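Accompanying notes for the structure given below.
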Amino acid sequence: SEPTAGGARRRRLGIMGGTFDPVHHGHLVAASEVAAEFELDEVIFVPTGQPWQKADRSVSPAEDRYLMTVVATASNPRFTVSRVDIDRPGMTYTVDTLRDLRRLHPDAELFFITGADAMGQILTWKDVDELWDLAHFVGVTRPGHDLTDMGLKDDVSLMEIPAMAISSTDCRERVARGRPVWYLVPDGVVQYIAKHHLYVSDEETP
Ligand code: ATP
Ligand code: MG
């Protein structure tokens, strides 16, 4: 950790972007593992606005995804949730997320946490060079995704997350089929999904 002029340690902030439709224990374990490894003071979960990556399916309302993320992180004093992406009109681009959080936390060191799938997409973006200046990138792996063969820059850190074959897609499909999501997502998220009738069928989704 780099000391500032006054000798104080710079705050180290993790940024965990995601659709979080719904947030699950894979996300929480990934954030916890990266926080421990990189000695982060805080991990900010940032639910996306309109996710252009997922234009093929309807995404739950941003407010529901935001509230599920708040419920899931409420018990951890080092986990917080930001509205920067859901309050910004239009589609979410990581460069905008990082610019906003840099503005809000001008003195902090930023660590952007992202999975193999998202990392692959980030590398194809036009603003990619600016991204490296805004934050350190930490790529996390999960079963079925490999980061080793992606031609990543040397300053991207890779971290293996304990085998957590959990995905939001699987959680949504389980709810749609009446299968349980207990223990895949936090208890409060199970209850939020039931209370708001999320994922039950496409017709009922606004
Ligand atoms: P979907 O199935 O809808 O794509 P998802 O489970 O991939 O959802 P996202 O909200 O897209 O969840 O994920 C946010 C970030 O968390 C992404 O960078 C993703 O790679 C990462 N991630 C998702 N699930 C896991 C997991 N089980 N372990 C580690 N990282 C994960
Ligand atoms: Mg995904």
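Ordered as shown in the structure tokens, chains take letters A, B, and onward, while each chain numbers its residues from 1 and ligands are numbered from 1 in the order shown.
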Report task. Step by step, measure atom-to-atom distances between ligand 1 and each residue using only C-alpha atoms and all ligand atoms, keep those at most 10 Å, then write them as a ChimeraX atom specification. Result -> /A:16-31,33,45-48,51,53-54,57,59,65,112-120,138-145,159-173,184
C-alpha atoms of the current selection, written as a short mmCIF file (atom, residue, chain, number, x, y, z; two decimals), in the first residue's frame:
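What follows is the written file result_34.cif:
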data_model
loop_
_atom_site.label_atom_id
_atom_site.label_comp_id
_atom_site.auth_asym_id
_atom_site.auth_seq_id
_atom_site.Cartn_x
_atom_site.Cartn_y
_atom_site.Cartn_z
CA MET A 16 -17.69 -5.16 -7.87
CA GLY A 17 -19.84 -4.41 -10.87
CA GLY A 18 -22.60 -6.74 -11.95
CA THR A 19 -26.15 -7.13 -13.10
CA PHE A 20 -26.92 -8.85 -9.78
CA ASP A 21 -30.14 -10.34 -11.13
CA PRO A 22 -30.05 -11.76 -8.47
CA VAL A 23 -26.90 -11.26 -6.37
CA HIS A 24 -25.66 -14.67 -5.12
CA HIS A 25 -23.02 -16.20 -2.87
CA GLY A 26 -20.54 -16.46 -5.77
CA HIS A 27 -20.49 -12.65 -5.94
CA LEU A 28 -20.12 -12.36 -2.17
CA VAL A 29 -17.34 -14.95 -1.92
CA ALA A 30 -15.48 -13.31 -4.82
CA ALA A 31 -15.68 -9.89 -3.13
CA GLU A 33 -11.65 -13.24 -1.31
CA PHE A 45 -21.11 -3.32 -5.23
CA VAL A 46 -22.34 -1.45 -8.29
CA PRO A 47 -25.49 -2.81 -9.93
CA THR A 48 -25.56 -1.96 -13.64
CA PRO A 51 -26.84 -3.80 -19.39
CA GLN A 53 -24.32 -7.16 -22.67
CA LYS A 54 -27.63 -8.76 -21.79
CA ARG A 57 -33.14 -11.10 -22.23
CA VAL A 59 -33.40 -7.75 -16.93
CA ARG A 65 -31.49 -5.47 -8.32
CA PHE A 112 -12.07 -3.30 -10.21
CA ILE A 113 -13.19 -6.89 -9.63
CA THR A 114 -14.56 -8.72 -12.62
CA GLY A 115 -15.12 -12.26 -13.85
CA ALA A 116 -13.59 -13.96 -16.85
CA ASP A 117 -16.66 -13.38 -19.02
CA ALA A 118 -16.79 -9.64 -18.37
CA MET A 119 -13.01 -9.29 -18.66
CA GLY A 120 -13.19 -10.72 -22.16
CA VAL A 138 -8.59 -8.13 -10.63
CA GLY A 139 -9.95 -10.99 -12.74
CA VAL A 140 -11.73 -13.72 -10.81
CA THR A 141 -12.32 -17.21 -12.15
CA ARG A 142 -15.22 -19.49 -11.55
CA PRO A 143 -15.83 -23.03 -12.75
CA GLY A 144 -16.27 -23.16 -16.51
CA HIS A 145 -14.43 -19.91 -17.19
CA MET A 159 -7.51 -14.81 -8.57
CA GLU A 160 -9.11 -18.19 -8.27
CA ILE A 161 -12.31 -18.17 -6.28
CA PRO A 162 -13.23 -21.36 -4.40
CA ALA A 163 -15.37 -23.52 -6.67
CA MET A 164 -18.68 -21.73 -6.62
CA ALA A 165 -20.65 -22.94 -9.62
CA ILE A 166 -23.37 -20.44 -8.90
CA SER A 167 -24.73 -18.10 -11.55
CA SER A 168 -27.63 -15.67 -11.60
CA THR A 169 -28.90 -17.45 -14.72
CA ASP A 170 -29.16 -20.72 -12.81
CA CYS A 171 -30.86 -18.98 -9.86
CA ARG A 172 -33.47 -17.41 -12.18
CA GLU A 173 -34.14 -20.74 -13.90
CA LEU A 184 -27.27 -20.15 -3.31
#
Please identify all polymer residues within 9 Å of segment 80-95 of chain A, counting only C-alpha atoms, omitting same-chain residues fewer than 3 positions from it, and present them as a JSON list (two decimals) with N, CA and C atoms, in the first residue's frame.
[["chain", "number", "residue", "atom", "x", "y", "z"],
["A", 17, "GLY", "N", -18.72, -4.71, -10.00],
["A", 17, "GLY", "CA", -19.84, -4.41, -10.87],
["A", 17, "GLY", "C", -20.57, -5.68, -11.26],
["A", 42, "GLU", "N", -12.86, -1.56, 1.75],
["A", 42, "GLU", "CA", -14.29, -1.58, 1.44],
["A", 42, "GLU", "C", -14.47, -2.17, 0.05],
["A", 43, "VAL", "N", -15.56, -2.88, -0.16],
["A", 43, "VAL", "CA", -15.94, -3.30, -1.50],
["A", 43, "VAL", "C", -17.29, -2.67, -1.82],
["A", 44, "ILE", "N", -17.32, -1.93, -2.91],
["A", 44, "ILE", "CA", -18.54, -1.26, -3.34],
["A", 44, "ILE", "C", -19.18, -2.09, -4.44],
["A", 45, "PHE", "N", -20.36, -2.60, -4.20],
["A", 45, "PHE", "CA", -21.11, -3.32, -5.23],
["A", 45, "PHE", "C", -21.85, -2.30, -6.07],
["A", 46, "VAL", "N", -21.75, -2.44, -7.39],
["A", 46, "VAL", "CA", -22.34, -1.45, -8.29],
["A", 46, "VAL", "C", -23.27, -2.14, -9.29],
["A", 47, "PRO", "N", -24.56, -2.21, -8.96],
["A", 47, "PRO", "CA", -25.49, -2.81, -9.93],
["A", 47, "PRO", "C", -25.55, -1.97, -11.20],
["A", 48, "THR", "N", -25.56, -2.66, -12.35],
["A", 48, "THR", "CA", -25.56, -1.96, -13.64],
["A", 48, "THR", "C", -26.90, -1.28, -13.91],
["A", 49, "GLY", "N", -26.84, -0.27, -14.77],
["A", 49, "GLY", "CA", -28.05, 0.30, -15.34],
["A", 49, "GLY", "C", -28.55, -0.66, -16.41],
["A", 50, "GLN", "N", -28.88, -0.13, -17.58],
["A", 50, "GLN", "CA", -29.33, -1.01, -18.67],
["A", 50, "GLN", "C", -28.15, -1.77, -19.23],
["A", 51, "PRO", "N", -28.03, -3.06, -18.97],
["A", 51, "PRO", "CA", -26.84, -3.80, -19.39],
["A", 51, "PRO", "C", -26.88, -4.18, -20.86],
["A", 52, "TRP", "N", -26.06, -3.53, -21.65],
["A", 52, "TRP", "CA", -26.07, -3.83, -23.09],
["A", 52, "TRP", "C", -25.59, -5.24, -23.38],
["A", 62, "ALA", "N", -33.97, -2.08, -12.21],
["A", 62, "ALA", "CA", -32.74, -1.70, -11.50],
["A", 62, "ALA", "C", -33.00, -1.57, -10.00],
["A", 63, "GLU", "N", -34.16, -1.06, -9.64],
["A", 63, "GLU", "CA", -34.44, -0.84, -8.23],
["A", 63, "GLU", "C", -34.50, -2.18, -7.47],
["A", 66, "TYR", "N", -30.89, -3.40, -7.20],
["A", 66, "TYR", "CA", -30.21, -2.58, -6.19],
["A", 66, "TYR", "C", -30.60, -3.03, -4.78],
["A", 69, "THR", "N", -29.18, -6.29, -3.67],
["A", 69, "THR", "CA", -27.76, -6.15, -3.37],
["A", 69, "THR", "C", -27.56, -5.51, -2.00],
["A", 70, "VAL", "N", -28.42, -4.55, -1.67],
["A", 70, "VAL", "CA", -28.37, -3.94, -0.33],
["A", 70, "VAL", "C", -28.68, -4.99, 0.74],
["A", 73, "THR", "N", -25.73, -7.46, 1.25],
["A", 73, "THR", "CA", -24.47, -6.94, 1.78],
["A", 73, "THR", "C", -24.64, -6.24, 3.13],
["A", 74, "ALA", "N", -25.88, -6.13, 3.61],
["A", 74, "ALA", "CA", -26.17, -5.29, 4.78],
["A", 74, "ALA", "C", -25.39, -5.72, 6.02],
["A", 76, "ASN", "N", -22.40, -7.00, 6.28],
["A", 76, "ASN", "CA", -20.94, -6.88, 6.22],
["A", 76, "ASN", "C", -20.54, -5.40, 6.28],
["A", 77, "PRO", "N", -19.85, -4.99, 7.35],
["A", 77, "PRO", "CA", -19.51, -3.56, 7.48],
["A", 77, "PRO", "C", -18.59, -3.04, 6.38],
["A", 98, "LEU", "N", -16.08, 3.82, -13.40],
["A", 98, "LEU", "CA", -14.80, 4.13, -12.76],
["A", 98, "LEU", "C", -14.57, 5.63, -12.66],
["A", 99, "ARG", "N", -14.97, 6.38, -13.70],
["A", 99, "ARG", "CA", -14.83, 7.85, -13.63],
["A", 99, "ARG", "C", -15.66, 8.41, -12.48],
["A", 100, "ASP", "N", -16.90, 7.92, -12.33],
["A", 100, "ASP", "CA", -17.77, 8.41, -11.25],
["A", 100, "ASP", "C", -17.19, 8.08, -9.88],
["A", 101, "LEU", "N", -16.72, 6.84, -9.71],
["A", 101, "LEU", "CA", -16.21, 6.45, -8.39],
["A", 101, "LEU", "C", -14.88, 7.12, -8.09],
["A", 122, "ILE", "N", -14.47, -6.48, -21.76],
["A", 122, "ILE", "CA", -13.78, -5.21, -21.48],
["A", 122, "ILE", "C", -12.62, -5.02, -22.44],
["A", 127, "ASP", "N", -12.39, 2.35, -25.00],
["A", 127, "ASP", "CA", -11.77, 3.16, -23.94],
["A", 127, "ASP", "C", -10.82, 2.34, -23.08],
["A", 128, "VAL", "N", -10.37, 1.21, -23.59],
["A", 128, "VAL", "CA", -9.68, 0.26, -22.72],
["A", 128, "VAL", "C", -8.42, 0.85, -22.09],
["A", 130, "GLU", "N", -7.84, 3.90, -21.10],
["A", 130, "GLU", "CA", -8.17, 4.76, -19.96],
["A", 130, "GLU", "C", -8.50, 3.92, -18.72],
["A", 131, "LEU", "N", -9.10, 2.74, -18.96],
["A", 131, "LEU", "CA", -9.49, 1.88, -17.83],
["A", 131, "LEU", "C", -8.29, 1.53, -16.95],
["A", 134, "LEU", "N", -7.45, 4.16, -14.49],
["A", 134, "LEU", "CA", -8.43, 4.47, -13.45],
["A", 134, "LEU", "C", -8.40, 3.49, -12.29]]
May I have all residues of segment 92-189 of chain A that DSSP, computed from the backbone, assigns to strand (DSSP E), given as a PDB file with N, CA and C atoms, in the first residue's frame?
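Printed below is part17.pdb as written:
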ATOM      1  N   GLU A 109      -7.281   4.160  -3.777  1.00  0.00           N
ATOM      2  CA  GLU A 109      -6.813   3.234  -4.810  1.00  0.00           C
ATOM      3  C   GLU A 109      -7.989   2.350  -5.185  1.00  0.00           C
ATOM      4  N   LEU A 110      -8.289   2.250  -6.468  1.00  0.00           N
ATOM      5  CA  LEU A 110      -9.458   1.485  -6.911  1.00  0.00           C
ATOM      6  C   LEU A 110      -9.038   0.134  -7.483  1.00  0.00           C
ATOM      7  N   PHE A 111      -9.771  -0.891  -7.092  1.00  0.00           N
ATOM      8  CA  PHE A 111      -9.544  -2.261  -7.587  1.00  0.00           C
ATOM      9  C   PHE A 111     -10.839  -2.741  -8.209  1.00  0.00           C
ATOM     10  N   PHE A 112     -10.852  -2.870  -9.528  1.00  0.00           N
ATOM     11  CA  PHE A 112     -12.069  -3.303 -10.213  1.00  0.00           C
ATOM     12  C   PHE A 112     -12.073  -4.829 -10.305  1.00  0.00           C
ATOM     13  N   ILE A 113     -13.084  -5.422  -9.703  1.00  0.00           N
ATOM     14  CA  ILE A 113     -13.186  -6.887  -9.629  1.00  0.00           C
ATOM     15  C   ILE A 113     -14.145  -7.363 -10.714  1.00  0.00           C
ATOM     16  N   THR A 114     -13.681  -8.271 -11.546  1.00  0.00           N
ATOM     17  CA  THR A 114     -14.556  -8.718 -12.622  1.00  0.00           C
ATOM     18  C   THR A 114     -14.263 -10.167 -13.003  1.00  0.00           C
ATOM     19  N   GLY A 115     -15.273 -10.854 -13.468  1.00  0.00           N
ATOM     20  CA  GLY A 115     -15.121 -12.255 -13.848  1.00  0.00           C
ATOM     21  C   GLY A 115     -14.554 -12.419 -15.235  1.00  0.00           C
ATOM     22  N   HIS A 136      -6.877  -0.662 -10.770  1.00  0.00           N
ATOM     23  CA  HIS A 136      -6.210  -1.942 -10.920  1.00  0.00           C
ATOM     24  C   HIS A 136      -7.297  -2.971 -11.211  1.00  0.00           C
ATOM     25  N   PHE A 137      -7.042  -3.900 -12.132  1.00  0.00           N
ATOM     26  CA  PHE A 137      -8.061  -4.895 -12.489  1.00  0.00           C
ATOM     27  C   PHE A 137      -7.743  -6.247 -11.876  1.00  0.00           C
ATOM     28  N   VAL A 138      -8.734  -6.807 -11.226  1.00  0.00           N
ATOM     29  CA  VAL A 138      -8.594  -8.133 -10.634  1.00  0.00           C
ATOM     30  C   VAL A 138      -9.602  -9.056 -11.316  1.00  0.00           C
ATOM     31  N   GLY A 139      -9.086 -10.022 -12.073  1.00  0.00           N
ATOM     32  CA  GLY A 139      -9.951 -10.987 -12.742  1.00  0.00           C
ATOM     33  C   GLY A 139     -10.174 -12.189 -11.847  1.00  0.00           C
ATOM     34  N   VAL A 140     -11.425 -12.544 -11.637  1.00  0.00           N
ATOM     35  CA  VAL A 140     -11.725 -13.715 -10.810  1.00  0.00           C
ATOM     36  C   VAL A 140     -12.265 -14.840 -11.698  1.00  0.00           C
ATOM     37  N   THR A 141     -11.853 -16.062 -11.379  1.00  0.00           N
ATOM     38  CA  THR A 141     -12.317 -17.208 -12.152  1.00  0.00           C
ATOM     39  C   THR A 141     -13.427 -17.919 -11.397  1.00  0.00           C
ATOM     40  N   VAL A 156      -3.000  -6.956 -14.894  1.00  0.00           N
ATOM     41  CA  VAL A 156      -4.265  -7.534 -14.450  1.00  0.00           C
ATOM     42  C   VAL A 156      -3.939  -8.702 -13.520  1.00  0.00           C
ATOM     43  N   SER A 157      -4.442  -8.631 -12.287  1.00  0.00           N
ATOM     44  CA  SER A 157      -4.232  -9.740 -11.352  1.00  0.00           C
ATOM     45  C   SER A 157      -5.310 -10.782 -11.546  1.00  0.00           C
ATOM     46  N   LEU A 158      -4.936 -12.033 -11.421  1.00  0.00           N
ATOM     47  CA  LEU A 158      -5.919 -13.107 -11.537  1.00  0.00           C
ATOM     48  C   LEU A 158      -6.051 -13.809 -10.195  1.00  0.00           C
ATOM     49  N   MET A 159      -7.272 -14.137  -9.847  1.00  0.00           N
ATOM     50  CA  MET A 159      -7.514 -14.812  -8.573  1.00  0.00           C
ATOM     51  C   MET A 159      -8.512 -15.923  -8.750  1.00  0.00           C
ATOM     52  N   GLU A 160      -8.163 -17.084  -8.226  1.00  0.00           N
ATOM     53  CA  GLU A 160      -9.113 -18.190  -8.274  1.00  0.00           C
ATOM     54  C   GLU A 160     -10.028 -18.147  -7.068  1.00  0.00           C
TER      55      GLU A 160
END
Report task. Write out as a PyMOL selection string all residues of segment 112-184 of chain A that backbone DSSP assigns to helix (DSSP H, G or I). Result -> chain A and resi 116-122+128-134+168-176
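For the atom pair formed by atom CA of Leu198 of chain A and atom CA of Asp96 of chain A, the distance is 28.5 Å, given to one decimal.
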**Report entry** Two-atom distance - atom CA of Arg11 of chain A, atom CA of Leu67 of chain A (Å)
**Finding:** 25.9 Å
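The closest residue to Arg177 of chain A, picked from A:Phe38, A:Trp132, A:Tyr192, A:Tyr199 and counting only C-alpha atoms, is A:Tyr199.
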Report summary line: As a check of understanding: the span from atom CA of His197 of chain A to atom CA of Phe79 of chain A is 26.2 Å
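With distances restricted to only C-alpha atoms and all ligand atoms, A:Gln121 is the closest residue to ligand 2 from A:Gln121, A:Asp187, A:Asp133, A:Lys126.
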